[in-house]
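File shown here: entry-v1.cif, holding mmCIF, C-alpha atoms.
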```
data_protein
#
loop_
_atom_site.label_atom_id
_atom_site.label_comp_id
_atom_site.auth_asym_id
_atom_site.auth_seq_id
_atom_site.Cartn_x
_atom_site.Cartn_y
_atom_site.Cartn_z
CA MET A 1 0.00 0.00 0.00
CA SER A 2 2.89 2.33 0.78
CA ASP A 3 4.22 1.63 -2.73
CA LEU A 4 0.90 2.76 -4.19
CA LEU A 5 1.08 5.96 -2.17
CA SER A 6 4.66 6.65 -3.25
CA ILE A 7 3.76 6.03 -6.89
CA GLY A 8 0.95 8.58 -6.67
CA ALA A 9 3.13 11.06 -4.80
CA SER A 10 5.89 10.77 -7.41
CA GLY A 11 3.39 11.46 -10.17
CA ILE A 12 2.05 14.52 -8.34
CA SER A 13 5.58 15.90 -7.97
CA ALA A 14 6.64 15.10 -11.55
CA TYR A 15 3.53 16.47 -13.25
CA LYS A 16 3.58 19.58 -11.08
CA THR A 17 7.07 20.31 -12.44
CA ALA A 18 5.90 19.62 -16.00
CA LEU A 19 2.91 21.94 -15.56
CA SER A 20 5.21 24.62 -14.18
CA ALA A 21 7.39 24.36 -17.31
CA ILE A 22 4.33 24.77 -19.53
CA SER A 23 3.26 27.75 -17.45
CA ASP A 24 6.68 29.36 -18.04
CA ASN A 25 6.35 28.71 -21.77
CA VAL A 26 2.96 30.37 -21.99
CA ALA A 27 3.96 33.32 -19.80
CA ASN A 28 7.10 33.96 -21.88
CA SER A 29 5.71 33.24 -25.32
CA GLU A 30 6.49 36.83 -26.39
CA THR A 31 9.68 37.26 -24.36
CA PRO A 32 12.72 37.80 -26.64
CA GLY A 33 15.39 35.15 -26.15
CA PHE A 34 13.20 32.73 -24.21
CA ALA A 35 13.59 29.16 -25.45
CA ARG A 36 10.82 26.61 -24.98
CA ARG A 37 11.13 24.45 -21.86
CA SER A 38 10.32 20.76 -21.77
CA THR A 39 10.79 18.07 -19.14
CA THR A 40 12.64 14.79 -19.36
CA GLN A 41 10.76 12.05 -17.50
CA ARG A 42 11.62 8.47 -16.60
CA GLU A 43 10.34 5.68 -14.37
CA GLN A 44 11.42 5.43 -10.79
CA VAL A 45 12.51 2.02 -9.56
CA ALA A 46 13.08 0.51 -6.15
CA SER A 47 15.27 -2.48 -5.21
CA LEU A 48 13.72 -5.65 -3.79
CA PRO A 49 15.37 -6.93 -0.60
CA MET A 50 17.22 -10.23 -0.77
CA ASN A 51 15.51 -13.21 0.91
CA PRO A 52 15.66 -17.02 0.61
CA THR A 53 12.64 -17.09 -1.68
CA TYR A 54 13.17 -14.24 -4.12
CA ARG A 55 16.19 -13.08 -6.07
CA PRO A 56 17.28 -9.44 -5.90
CA GLY A 57 15.40 -7.27 -8.39
CA THR A 58 13.62 -3.99 -8.98
CA ILE A 59 10.03 -2.95 -9.05
CA PHE A 60 8.25 0.08 -10.51
CA ALA A 61 8.09 2.84 -7.92
CA GLY A 62 6.56 5.74 -9.83
CA THR A 63 7.97 8.45 -12.11
CA GLN A 64 10.38 11.35 -11.83
CA ILE A 65 11.54 14.43 -13.78
CA THR A 66 15.25 14.10 -14.45
CA ALA A 67 15.82 17.45 -16.19
CA ILE A 68 14.22 20.63 -17.47
CA THR A 69 15.59 21.11 -20.97
CA ARG A 70 15.36 24.03 -23.38
CA ALA A 71 14.89 23.79 -27.13
CA TYR A 72 18.15 24.58 -28.94
CA ASP A 73 19.70 24.02 -32.37
CA GLN A 74 23.37 24.99 -32.61
CA PHE A 75 23.38 25.05 -36.42
CA ARG A 76 20.42 27.42 -36.66
CA ASP A 77 21.96 29.50 -33.90
CA LYS A 78 25.21 29.89 -35.86
CA GLU A 79 23.22 30.87 -38.95
CA VAL A 80 21.48 33.59 -36.93
CA HIS A 81 24.84 34.94 -35.74
CA ALA A 82 26.31 35.06 -39.26
CA ALA A 83 23.17 36.57 -40.79
CA SER A 84 22.87 39.16 -38.00
CA ALA A 85 26.47 40.26 -38.52
CA GLU A 86 25.93 40.69 -42.25
CA ALA A 87 22.67 42.57 -41.77
CA GLY A 88 24.16 44.79 -39.07
CA ARG A 89 27.10 45.75 -41.28
CA ALA A 90 24.96 46.44 -44.35
CA ASP A 91 22.35 48.42 -42.44
CA ALA A 92 24.90 50.65 -40.67
CA ARG A 93 26.75 51.32 -43.93
CA ALA A 94 23.57 52.14 -45.88
CA ARG A 95 22.22 54.37 -43.12
CA TRP A 96 25.33 56.54 -42.93
CA LEU A 97 25.91 56.65 -46.68
CA GLU A 98 22.41 58.05 -47.00
CA THR A 99 23.29 60.70 -44.41
CA ALA A 100 26.45 61.57 -46.36
CA GLU A 101 24.41 61.79 -49.55
CA SER A 102 22.13 64.36 -47.92
CA ALA A 103 25.16 66.31 -46.70
CA MET A 104 26.59 66.49 -50.22
CA ASP A 105 23.24 67.99 -51.38
CA ASP A 106 22.53 67.45 -55.05
CA GLY A 107 19.61 69.89 -54.91
CA ASP A 108 19.19 73.51 -55.97
CA THR A 109 21.40 74.77 -53.15
CA GLY A 110 24.13 72.16 -53.57
CA MET A 111 27.67 72.60 -54.86
CA GLY A 112 26.88 71.41 -58.37
CA ALA A 113 23.89 73.73 -58.79
CA ARG A 114 25.86 76.68 -57.39
CA LEU A 115 28.77 76.06 -59.75
CA THR A 116 26.38 75.98 -62.69
CA ALA A 117 24.79 79.24 -61.48
CA PHE A 118 28.26 80.82 -61.19
CA PHE A 119 29.20 79.98 -64.77
CA ASN A 120 25.78 81.18 -65.94
CA ALA A 121 26.38 84.47 -64.11
CA ALA A 122 29.72 84.75 -65.91
CA ASP A 123 27.90 84.31 -69.24
CA ALA A 124 25.43 87.03 -68.29
CA LEU A 125 28.27 89.38 -67.31
CA ALA A 126 30.08 88.66 -70.58
CA ALA A 127 27.01 89.97 -72.41
CA ASP A 128 27.14 93.22 -70.38
CA PRO A 129 30.67 93.55 -68.92
CA SER A 130 30.22 97.13 -67.76
CA GLY A 131 26.88 96.59 -66.02
CA ALA A 132 26.87 96.98 -62.25
CA LEU A 133 24.06 94.45 -61.65
CA PRO A 134 25.70 91.60 -63.64
CA ARG A 135 28.94 92.22 -61.71
CA ARG A 136 27.14 91.99 -58.38
CA ALA A 137 25.34 88.86 -59.56
CA PHE A 138 28.71 87.34 -60.54
CA LEU A 139 30.19 87.94 -57.09
CA GLN A 140 27.01 86.75 -55.39
CA ALA A 141 27.04 83.52 -57.40
CA LEU A 142 30.70 82.96 -56.51
CA ASP A 143 29.96 83.66 -52.83
CA GLN A 144 27.08 81.18 -52.90
CA THR A 145 29.36 78.59 -54.49
CA ALA A 146 31.87 79.02 -51.66
CA SER A 147 29.01 78.77 -49.15
CA ALA A 148 27.81 75.53 -50.77
CA PHE A 149 31.30 74.03 -50.42
CA ARG A 150 31.43 75.08 -46.76
CA SER A 151 27.98 73.64 -46.11
CA ALA A 152 28.88 70.31 -47.72
CA ALA A 153 32.14 70.14 -45.79
CA GLN A 154 30.34 70.88 -42.53
CA GLY A 155 27.68 68.28 -43.30
CA LEU A 156 30.27 65.59 -44.04
CA ALA A 157 32.26 66.54 -40.93
CA THR A 158 29.08 66.20 -38.86
CA THR A 159 28.41 62.85 -40.53
CA ALA A 160 31.92 61.65 -39.68
CA ASP A 161 31.46 62.73 -36.05
CA GLY A 162 28.12 60.91 -35.94
CA ILE A 163 29.69 57.72 -37.27
CA ALA A 164 32.46 57.94 -34.67
CA ARG A 165 29.94 58.41 -31.85
CA ASP A 166 27.83 55.54 -33.16
CA ALA A 167 30.90 53.32 -33.32
CA GLN A 168 31.92 54.19 -29.76
CA SER A 169 28.38 53.51 -28.56
CA ASN A 170 28.43 50.08 -30.20
CA VAL A 171 31.88 49.32 -28.81
CA ASP A 172 30.68 50.24 -25.31
CA ALA A 173 27.64 47.99 -25.76
CA VAL A 174 29.82 45.08 -26.93
CA ASN A 175 32.22 45.51 -24.01
CA GLY A 176 29.29 45.52 -21.59
CA ASN A 177 27.97 42.32 -23.14
CA LEU A 178 31.40 40.67 -23.04
CA GLU A 179 31.75 41.50 -19.35
CA ALA A 180 28.26 40.11 -18.69
CA LEU A 181 29.10 36.91 -20.58
CA ALA A 182 32.24 36.39 -18.51
CA LYS A 183 30.21 36.70 -15.30
CA LEU A 184 27.54 34.45 -16.77
CA ASN A 185 30.15 31.78 -17.47
CA LEU A 186 31.00 31.76 -13.78
CA ALA A 187 27.33 31.42 -12.87
CA LEU A 188 26.90 28.57 -15.38
CA ARG A 189 29.83 26.70 -13.87
CA ARG A 190 28.16 26.89 -10.47
CA SER A 191 24.67 26.08 -11.73
CA GLU A 192 23.26 22.56 -11.85
CA PRO A 193 22.41 21.46 -15.41
CA GLY A 194 18.83 20.36 -15.97
CA THR A 195 17.31 22.89 -13.62
CA GLY A 196 15.07 25.81 -14.45
CA ALA A 197 17.70 28.23 -13.14
CA HIS A 198 20.32 26.75 -15.48
CA ALA A 199 17.92 27.04 -18.44
CA SER A 200 17.35 30.72 -17.60
CA LEU A 201 21.11 31.31 -17.55
CA LEU A 202 21.40 29.70 -20.99
CA ASP A 203 18.64 31.97 -22.29
CA GLU A 204 20.57 35.01 -21.08
CA ARG A 205 23.79 33.63 -22.58
CA ASP A 206 22.17 33.28 -25.99
CA ARG A 207 20.61 36.75 -25.76
CA LEU A 208 24.00 38.30 -25.04
CA VAL A 209 25.72 36.36 -27.83
CA ASP A 210 22.98 37.51 -30.23
CA ALA A 211 23.56 41.12 -29.15
CA VAL A 212 27.32 40.82 -29.76
CA SER A 213 26.91 39.02 -33.10
CA SER A 214 24.82 41.83 -34.55
CA ARG A 215 27.66 44.26 -33.84
CA LEU A 216 30.63 41.98 -34.58
CA ASN A 217 31.07 38.87 -36.67
CA VAL A 218 31.92 36.28 -34.01
CA ASP A 219 32.39 32.55 -33.56
CA ALA A 220 30.83 31.09 -30.41
CA THR A 221 31.81 27.72 -28.98
CA PHE A 222 30.24 26.15 -25.91
CA GLY A 223 31.89 24.17 -23.18
CA GLU A 224 30.96 22.35 -20.01
CA ASN A 225 27.72 23.50 -18.40
CA GLY A 226 27.02 25.75 -21.41
CA THR A 227 29.86 28.22 -20.88
CA VAL A 228 30.70 30.23 -24.00
CA THR A 229 33.97 31.18 -25.67
CA LEU A 230 33.81 34.06 -28.14
CA LYS A 231 36.32 34.83 -30.88
CA LEU A 232 36.24 37.03 -33.95
CA ALA A 233 34.99 35.07 -36.95
CA GLY A 234 37.86 33.78 -39.07
CA ASN A 235 40.45 34.62 -36.40
CA SER A 236 41.02 31.67 -34.13
CA GLN A 237 43.78 33.51 -32.23
CA SER A 238 41.51 36.34 -31.12
CA SER A 239 39.84 36.37 -27.72
CA LEU A 240 36.71 38.24 -26.72
CA VAL A 241 35.48 35.96 -23.93
CA SER A 242 37.42 33.01 -22.55
CA GLY A 243 36.18 31.41 -19.37
CA VAL A 244 35.56 34.15 -16.82
CA THR A 245 37.81 36.65 -18.63
CA ALA A 246 36.47 39.31 -20.99
CA ASN A 247 38.83 41.17 -23.34
CA PRO A 248 37.32 44.53 -24.32
CA ILE A 249 37.60 45.97 -27.81
CA ALA A 250 38.40 49.59 -28.69
CA VAL A 251 37.96 51.98 -31.60
CA ALA A 252 40.33 54.77 -32.65
CA VAL A 253 39.36 57.79 -34.75
CA ALA A 254 41.86 59.15 -37.28
CA GLY A 255 42.20 62.82 -38.15
CA ASN A 256 40.19 62.36 -41.35
CA GLY A 257 37.38 60.59 -39.49
CA GLY A 258 38.46 57.06 -40.42
CA LEU A 259 37.97 54.34 -37.80
CA THR A 260 40.12 51.42 -36.68
CA MET A 261 39.00 48.67 -34.28
CA PHE A 262 41.42 46.99 -31.91
CA ALA A 263 40.98 43.59 -30.25
CA THR A 264 43.05 41.05 -28.32
CA VAL A 265 44.88 38.63 -30.61
CA ASP A 266 47.61 36.25 -29.39
CA GLY A 267 47.65 38.03 -26.06
CA GLY A 268 48.30 41.47 -27.59
CA THR A 269 46.17 44.29 -28.97
CA HIS A 270 45.98 44.42 -32.76
CA ALA A 271 44.06 46.40 -35.36
CA ILE A 272 41.20 44.45 -36.96
CA ALA A 273 40.56 45.32 -40.61
CA LEU A 274 37.24 43.58 -41.24
CA PRO A 275 35.37 42.99 -37.97
CA GLY A 276 31.93 42.67 -39.61
CA GLY A 277 28.65 43.48 -37.90
CA THR A 278 27.44 47.01 -37.18
CA ILE A 279 30.93 48.10 -36.15
CA GLY A 280 32.35 46.80 -39.44
CA GLY A 281 29.65 48.72 -41.35
CA LEU A 282 30.52 51.90 -39.46
CA ILE A 283 34.22 51.45 -40.28
CA ASP A 284 33.31 51.02 -43.96
CA ALA A 285 31.06 54.09 -43.89
CA ALA A 286 33.72 56.18 -42.13
CA ALA A 287 36.27 55.27 -44.79
CA THR A 288 33.83 56.22 -47.56
CA VAL A 289 32.98 59.56 -45.93
CA ALA A 290 36.68 60.31 -45.42
CA ASP A 291 37.24 59.64 -49.12
CA ARG A 292 34.34 61.95 -50.06
CA ARG A 293 35.72 64.72 -47.85
CA ALA A 294 39.15 64.36 -49.41
CA SER A 295 37.66 64.48 -52.91
CA ILE A 296 35.61 67.60 -52.17
CA ASN A 297 38.63 69.31 -50.59
CA ALA A 298 40.68 68.50 -53.69
CA ILE A 299 37.96 69.87 -55.96
CA ALA A 300 37.65 73.01 -53.80
CA THR A 301 41.41 73.58 -53.88
CA ASP A 302 41.61 73.15 -57.65
CA PHE A 303 38.55 75.35 -58.21
CA ALA A 304 39.95 78.17 -56.05
CA THR A 305 43.34 77.91 -57.77
CA THR A 306 41.71 77.94 -61.19
CA ILE A 307 39.54 80.99 -60.39
CA ASN A 308 42.39 82.94 -58.82
CA THR A 309 44.74 82.13 -61.72
CA TRP A 310 42.02 83.17 -64.15
CA SER A 311 41.47 86.38 -62.20
CA ALA A 312 45.17 87.26 -62.29
CA GLY A 313 45.09 87.03 -66.09
CA GLY A 314 42.32 89.65 -66.46
CA LEU A 315 41.72 93.34 -65.77
CA ASP A 316 39.21 94.84 -63.37
CA ALA A 317 37.05 97.91 -64.07
CA ALA A 318 39.96 100.23 -63.22
CA GLY A 319 42.31 98.42 -65.59
CA ASN A 320 44.31 96.75 -62.82
CA PRO A 321 45.28 93.07 -62.85
CA GLY A 322 42.64 90.93 -61.20
CA ALA A 323 43.07 90.14 -57.50
CA PRO A 324 42.38 86.68 -56.00
CA LEU A 325 38.63 86.13 -55.78
CA LEU A 326 38.67 83.19 -53.35
CA THR A 327 40.57 82.29 -50.21
CA VAL A 328 41.00 78.74 -48.95
CA GLY A 329 42.65 77.31 -45.88
CA THR A 330 42.82 73.80 -44.46
CA PRO A 331 40.59 71.98 -45.12
CA ALA A 332 39.87 73.78 -48.36
CA ALA A 333 36.12 73.18 -48.71
CA ALA A 334 35.34 74.17 -45.13
CA THR A 335 37.28 77.44 -45.37
CA MET A 336 36.53 78.64 -48.91
CA ALA A 337 35.33 82.25 -48.90
CA LEU A 338 34.91 85.21 -51.23
CA ALA A 339 37.99 87.47 -51.12
CA ILE A 340 36.52 90.70 -52.56
CA SER A 341 33.24 92.55 -52.22
CA ASP A 342 33.63 95.38 -54.77
CA PRO A 343 31.87 94.53 -58.07
CA ASP A 344 34.43 96.70 -59.91
CA GLY A 345 37.08 94.23 -58.83
CA VAL A 346 35.71 91.50 -61.14
CA PRO A 347 38.39 90.93 -63.85
CA ALA A 348 36.04 90.86 -66.83
CA ALA A 349 38.41 92.35 -69.41
CA SER A 350 41.51 91.00 -71.09
CA THR A 351 44.36 92.56 -73.02
CA ASP A 352 46.83 91.41 -75.60
CA GLY A 353 49.15 94.31 -74.80
CA ALA A 354 47.66 96.81 -77.19
CA THR A 355 43.96 96.06 -77.27
CA VAL A 356 41.63 95.67 -74.30
CA THR A 357 38.62 93.39 -74.74
CA ALA A 358 35.90 94.28 -72.21
CA ASN A 359 34.65 90.69 -71.82
CA GLY A 360 37.70 88.80 -73.01
CA ASN A 361 38.59 87.27 -69.66
CA LEU A 362 34.99 86.16 -69.07
CA ILE A 363 35.00 84.39 -72.42
CA ALA A 364 38.22 82.64 -71.40
CA LEU A 365 36.52 81.47 -68.19
CA GLN A 366 34.11 79.35 -70.19
CA GLY A 367 37.03 77.46 -71.66
CA LEU A 368 38.01 76.38 -68.14
CA ARG A 369 34.60 74.91 -67.44
CA ALA A 370 34.92 71.57 -69.29
CA GLY A 371 36.43 68.85 -67.12
CA GLY A 372 36.61 71.21 -64.17
CA ALA A 373 34.98 71.35 -60.74
CA GLU A 374 31.47 71.10 -62.16
CA ASP A 375 32.10 67.82 -63.99
CA ARG A 376 34.17 66.35 -61.17
CA LEU A 377 31.47 67.08 -58.61
CA ALA A 378 28.78 65.59 -60.85
CA GLY A 379 30.82 62.39 -61.17
CA LEU A 380 31.51 62.26 -57.42
CA ILE A 381 27.87 62.77 -56.42
CA ALA A 382 26.61 60.29 -59.03
CA GLY A 383 29.11 57.68 -57.87
CA HIS A 384 28.09 58.19 -54.25
CA ALA A 385 24.42 57.89 -55.16
CA GLN A 386 25.10 54.57 -56.88
CA ALA A 387 27.09 53.31 -53.87
CA THR A 388 24.26 54.34 -51.55
CA ALA A 389 21.64 52.60 -53.66
CA ALA A 390 23.75 49.43 -53.76
CA ALA A 391 24.24 49.61 -49.98
CA ARG A 392 20.49 49.93 -49.40
CA THR A 393 19.82 46.95 -51.65
CA GLU A 394 22.40 44.92 -49.75
CA ALA A 395 20.82 45.96 -46.47
CA ASP A 396 17.41 44.80 -47.69
CA VAL A 397 18.80 41.44 -48.86
CA THR A 398 20.82 40.74 -45.71
CA GLY A 399 17.90 41.85 -43.56
CA THR A 400 15.69 39.32 -45.30
CA ARG A 401 18.30 36.60 -44.70
CA ARG A 402 18.52 37.54 -41.02
CA ASP A 403 14.73 37.48 -40.64
CA GLY A 404 14.65 34.06 -42.29
CA ALA A 405 17.36 32.74 -39.97
CA LEU A 406 15.51 34.06 -36.93
CA ALA A 407 12.25 32.49 -38.13
CA SER A 408 14.02 29.17 -38.69
CA ARG A 409 15.44 29.22 -35.18
CA ASP A 410 12.11 30.27 -33.69
CA ALA A 411 10.52 27.23 -35.32
CA VAL A 412 12.65 25.16 -32.92
CA THR A 413 12.91 27.37 -29.85
CA GLY A 414 9.70 29.39 -30.09
CA ILE A 415 6.43 28.81 -28.26
CA ASP A 416 3.41 27.33 -30.04
CA LEU A 417 0.44 28.08 -27.80
CA ASP A 418 -1.70 25.35 -29.39
CA ARG A 419 0.97 22.79 -28.59
CA GLU A 420 1.29 24.12 -25.05
CA ALA A 421 -2.48 23.88 -24.60
CA ALA A 422 -2.42 20.22 -25.67
CA GLU A 423 0.49 19.49 -23.33
CA LEU A 424 -1.30 21.30 -20.52
CA ILE A 425 -4.36 19.07 -20.89
CA ARG A 426 -2.19 15.94 -21.03
CA PHE A 427 -0.25 16.75 -17.88
CA GLN A 428 -3.35 17.94 -16.03
CA GLN A 429 -4.96 14.57 -16.71
CA ALA A 430 -1.80 12.78 -15.57
CA TYR A 431 -1.72 14.94 -12.44
CA ASN A 432 -5.36 14.11 -11.72
CA ALA A 433 -4.64 10.41 -12.29
CA SER A 434 -1.78 10.52 -9.79
CA ALA A 435 -4.04 12.22 -7.28
CA ARG A 436 -6.64 9.50 -7.89
CA ILE A 437 -4.01 6.83 -7.16
CA ILE A 438 -3.36 8.43 -3.78
CA GLN A 439 -7.09 8.60 -3.12
CA VAL A 440 -7.57 4.93 -4.03
CA ALA A 441 -4.67 3.93 -1.78
CA ARG A 442 -6.14 5.91 1.09
CA GLU A 443 -9.63 4.45 0.58
CA THR A 444 -8.21 0.92 0.32
CA MET A 445 -6.20 1.38 3.48
CA GLN A 446 -9.25 2.72 5.27
CA SER A 447 -11.35 -0.26 4.12
CA ILE A 448 -8.72 -2.63 5.44
CA LEU A 449 -8.63 -0.85 8.79
CA ASP A 450 -12.39 -0.95 8.98
CA LEU A 451 -12.24 -4.76 8.97
CA PHE A 452 -10.78 -4.73 12.49
#
```

Target format structure tokens, applied to this file:
Amino acid sequence: MSDLLSIGASGISAYKTALSAISDNVANSETPGFARRSTTQREQVASLPMNPTYRPGTIFAGTQITAITRAYDQFRDKEVHAASAEAGRADARARWLETAESAMDDGDTGMGARLTAFFNAADALAADPSGALPRRAFLQALDQTASAFRSAAQGLATTADGIARDAQSNVDAVNGNLEALAKLNLALRRSEPGTGAHASLLDERDRLVDAVSSRLNVDATFGENGTVTLKLAGNSQSSLVSGVTANPIAVAVAGNGGLTMFATVDGGTHAIALPGGTIGGLIDAAATVADRRASINAIATDFATTINTWSAGGLDAAGNPGAPLLTVGTPAAATMALAISDPDGVPAASTDGATVTANGNLIALQGLRAGGAEDRLAGLIAGHAQATAAARTEADVTGTRRDGALASRDAVTGIDLDREAAELIRFQQAYNASARIIQVARETMQSILDLF
């Protein structure tokens, strides 16, 4: 009779644990990073005592829960990490290239439009070289061109600063996650596998690895009790997390806004060229913006030199050699400014030594237009627009791959409420059956006692 009671009691205990696991599943069905819990169950046996009549043996003594396990697929998990790194890199690169495209401004107030307006103003002045209004319009158009260069330079500088801040923010987030993973490894070593607490620690481990993998392309390997070791993908000598030690990463900003990431490799700190993830995308974007800034500065320098050289070859309204019309410093685009304000200082005329042509120098200016700043800027802006469009397409494609990888993993680790409802009914019935066993044992025992 005591065996019947113990069998019922074991069922009550086992199915209570199973019902608790289902309850956790339902309660956390929308919780990010929560993996479905299930219970591993087996029969409980008891040894028969030795006696002259019977041989030693075992008898059924109920049931027991041996472990609470969580749904997990290491191959789908690795696919999520790789896809997240690709999507993070592409998205960060596309986002900042779009910002740089806005800073370069291909609209009516941009550098290209202002250059075109300047040359058009020169044409208008050539038709009326002695007119005061065309001279003022010429200087105004040149001043607006210089302002457009300054605005673009400031916009790209702001973009570079934003990329650097974004990179530092992501580096800080990664370092925080690495430190948390190192502490989590210690907790996993001390935790008993197969318990609900251990499963919760594994959930947090996977959440942190996911967070790191979106910012860096990493390889994760798992050891005893679920502890994790993190390295940079494709670099087996690197170390991000090893045991209870976390090795932080760092990012350095160059004078031109370019970024370099540093990580621990072979026990020392080394620059990492292609880290992948969001940080890798930011490094790519920073390099592109630095290149655009250098190109615009080169165009600004050449344009100012061309205009000032052209001015020196002409005569102003008083018949004096033309003075420099533009000043540039370092960097050229950010410091370009109009050097004169007197319309009579515009060197419209030219001379061959004996004859003065009132609009001769303005006509010569048109010959400098082909292949100059206007064409170079148009090529630069068009090339950047194409690069931005390609980056956005890549971001869309990699984002789709990441979403597919997440959906594939969720098919294994996610919560299906219909399935949980079916399991709930099954374990409730088993729980009620175990309770009925105890009731039958009690009633049987009472009937036996009533015989005396």

**OP:** Apply the PyMOL selection byres ((chain A and resi 154) around 10) to the file shown and report the selected residues as a PyMOL selection string.
**Re:** chain A and resi 103-104+148-153+155-160+293+333-335

**OP:** Go ahead and find all residues with at least one atom no further than 9 Å from (15.6, 35.1, -26.6) in the file's coordinates, using only C-alpha atoms; report them as a list of chain:residue names.
**Re:** A:Thr31, A:Pro32, A:Gly33, A:Phe34, A:Ala35, A:Asp203, A:Glu204, A:Asp206, A:Arg207, A:Asp210, A:Thr413, A:Gly414

**OP:** Report as an MDAnalysis selection string the full result of the PyMOL selection byres ((chain A and resi 89-91) around 9) when it is applied to this structure.
**Re:** chainID A and resid 84:88 92:96 214:216 276:282 284 391:396 398:399

Restricting it to C-alpha atoms, dump the selection as a PDB file, keeping the file's coordinate frame.
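Wrote it out as selection23.pdb, contents follow:
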```
ATOM      1  CA  SER A  84      22.870  39.160 -38.000  1.00  0.00           C
ATOM      2  CA  ALA A  85      26.470  40.260 -38.520  1.00  0.00           C
ATOM      3  CA  GLU A  86      25.930  40.690 -42.250  1.00  0.00           C
ATOM      4  CA  ALA A  87      22.670  42.570 -41.770  1.00  0.00           C
ATOM      5  CA  GLY A  88      24.160  44.790 -39.070  1.00  0.00           C
ATOM      6  CA  ALA A  92      24.900  50.650 -40.670  1.00  0.00           C
ATOM      7  CA  ARG A  93      26.750  51.320 -43.930  1.00  0.00           C
ATOM      8  CA  ALA A  94      23.570  52.140 -45.880  1.00  0.00           C
ATOM      9  CA  ARG A  95      22.220  54.370 -43.120  1.00  0.00           C
ATOM     10  CA  TRP A  96      25.330  56.540 -42.930  1.00  0.00           C
ATOM     11  CA  SER A 214      24.820  41.830 -34.550  1.00  0.00           C
ATOM     12  CA  ARG A 215      27.660  44.260 -33.840  1.00  0.00           C
ATOM     13  CA  LEU A 216      30.630  41.980 -34.580  1.00  0.00           C
ATOM     14  CA  GLY A 276      31.930  42.670 -39.610  1.00  0.00           C
ATOM     15  CA  GLY A 277      28.650  43.480 -37.900  1.00  0.00           C
ATOM     16  CA  THR A 278      27.440  47.010 -37.180  1.00  0.00           C
ATOM     17  CA  ILE A 279      30.930  48.100 -36.150  1.00  0.00           C
ATOM     18  CA  GLY A 280      32.350  46.800 -39.440  1.00  0.00           C
ATOM     19  CA  GLY A 281      29.650  48.720 -41.350  1.00  0.00           C
ATOM     20  CA  LEU A 282      30.520  51.900 -39.460  1.00  0.00           C
ATOM     21  CA  ASP A 284      33.310  51.020 -43.960  1.00  0.00           C
ATOM     22  CA  ALA A 391      24.240  49.610 -49.980  1.00  0.00           C
ATOM     23  CA  ARG A 392      20.490  49.930 -49.400  1.00  0.00           C
ATOM     24  CA  THR A 393      19.820  46.950 -51.650  1.00  0.00           C
ATOM     25  CA  GLU A 394      22.400  44.920 -49.750  1.00  0.00           C
ATOM     26  CA  ALA A 395      20.820  45.960 -46.470  1.00  0.00           C
ATOM     27  CA  ASP A 396      17.410  44.800 -47.690  1.00  0.00           C
ATOM     28  CA  THR A 398      20.820  40.740 -45.710  1.00  0.00           C
ATOM     29  CA  GLY A 399      17.900  41.850 -43.560  1.00  0.00           C
TER      30      GLY A 399
END
```

Original post:
Which polymer residues have any atom within 6 Å of an atom of segment 338-342 of chain A, counting all atoms listed in the file, with same-chain residues fewer than 4 positions away left out, as number ranges by chain?
Top reply: A: 143, 325-327

Dump of C-alpha atoms for the selected residues, as a short mmCIF file (atom, residue, chain, number, x, y, z; two decimals), in the coordinates of the input:
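This went into again_4.cif:
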```
data_model
loop_
_atom_site.label_atom_id
_atom_site.label_comp_id
_atom_site.auth_asym_id
_atom_site.auth_seq_id
_atom_site.Cartn_x
_atom_site.Cartn_y
_atom_site.Cartn_z
CA ASP A 143 29.96 83.66 -52.83
CA LEU A 325 38.63 86.13 -55.78
CA LEU A 326 38.67 83.19 -53.35
CA THR A 327 40.57 82.29 -50.21
#
```

Subject >> Long-range neighbours of Ile415 of chain A as JSON, numbers by chain, 8 Å cut-off, all atoms listed in the file, 6 positions minimum in chain >> reply: {"A": [25, 26, 29, 35, 36]}

Can you write just those residues out, C-alpha atoms, as a compact mmCIF listing (two decimals), in the frame of the given file?
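Final output, saved to result10.txt:
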```txt
# COMPACT_ATOMS: atom_id res chain seq x y z
CA ASN A 25 6.35 28.71 -21.77
CA VAL A 26 2.96 30.37 -21.99
CA SER A 29 5.71 33.24 -25.32
CA ALA A 35 13.59 29.16 -25.45
CA ARG A 36 10.82 26.61 -24.98
```

Subject >> Within 12 Å of Gly255 of chain A using all atoms listed in the file, minus same-chain residues under 3 positions, as a list in words >> reply: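 In the requested form, the answer reads Ala157, Ala160, Asp161, Ala164, Ala252, Gly258, Leu259, Thr260, Ala286, Ala287, Ala290, Arg293, Ala294 and Pro331 of chain A.
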
Original post:
Using all atoms listed in the file, which residue out of A:Ala337, A:Ala411, A:Ala318, A:Ala370 lies closest to Ala304 of chain A?
Top reply: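 For Ala304 of chain A, the nearest of the candidates is A:Ala337.
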
Original post:
Distance atom CA of Arg135 of chain A-atom CA of Ile363 of chain A, one decimal place?
Top reply: 14.6 Å

Original post:
What is the atom CA of Leu186 of chain A-atom CA of Glu224 of chain A distance in Å, reported with one decimal?
Top reply: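 Atom-to-atom, atom CA of Leu186 of chain A to atom CA of Glu224 of chain A, that is 11.3 Å.
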
Subject >> Length of the atom CA of Trp310 of chain A to atom CA of Thr109 of chain A vector [Å] >> reply: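 Atom CA of Trp310 of chain A sits 24.8 Å away from atom CA of Thr109 of chain A.
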
Original post:
Can you list what the PyMOL selection byres ((chain A and resi 269) around 12) grabs from this structure, as number ranges by chain?
Top reply: A: 237-240, 247-251, 261-268, 270-272
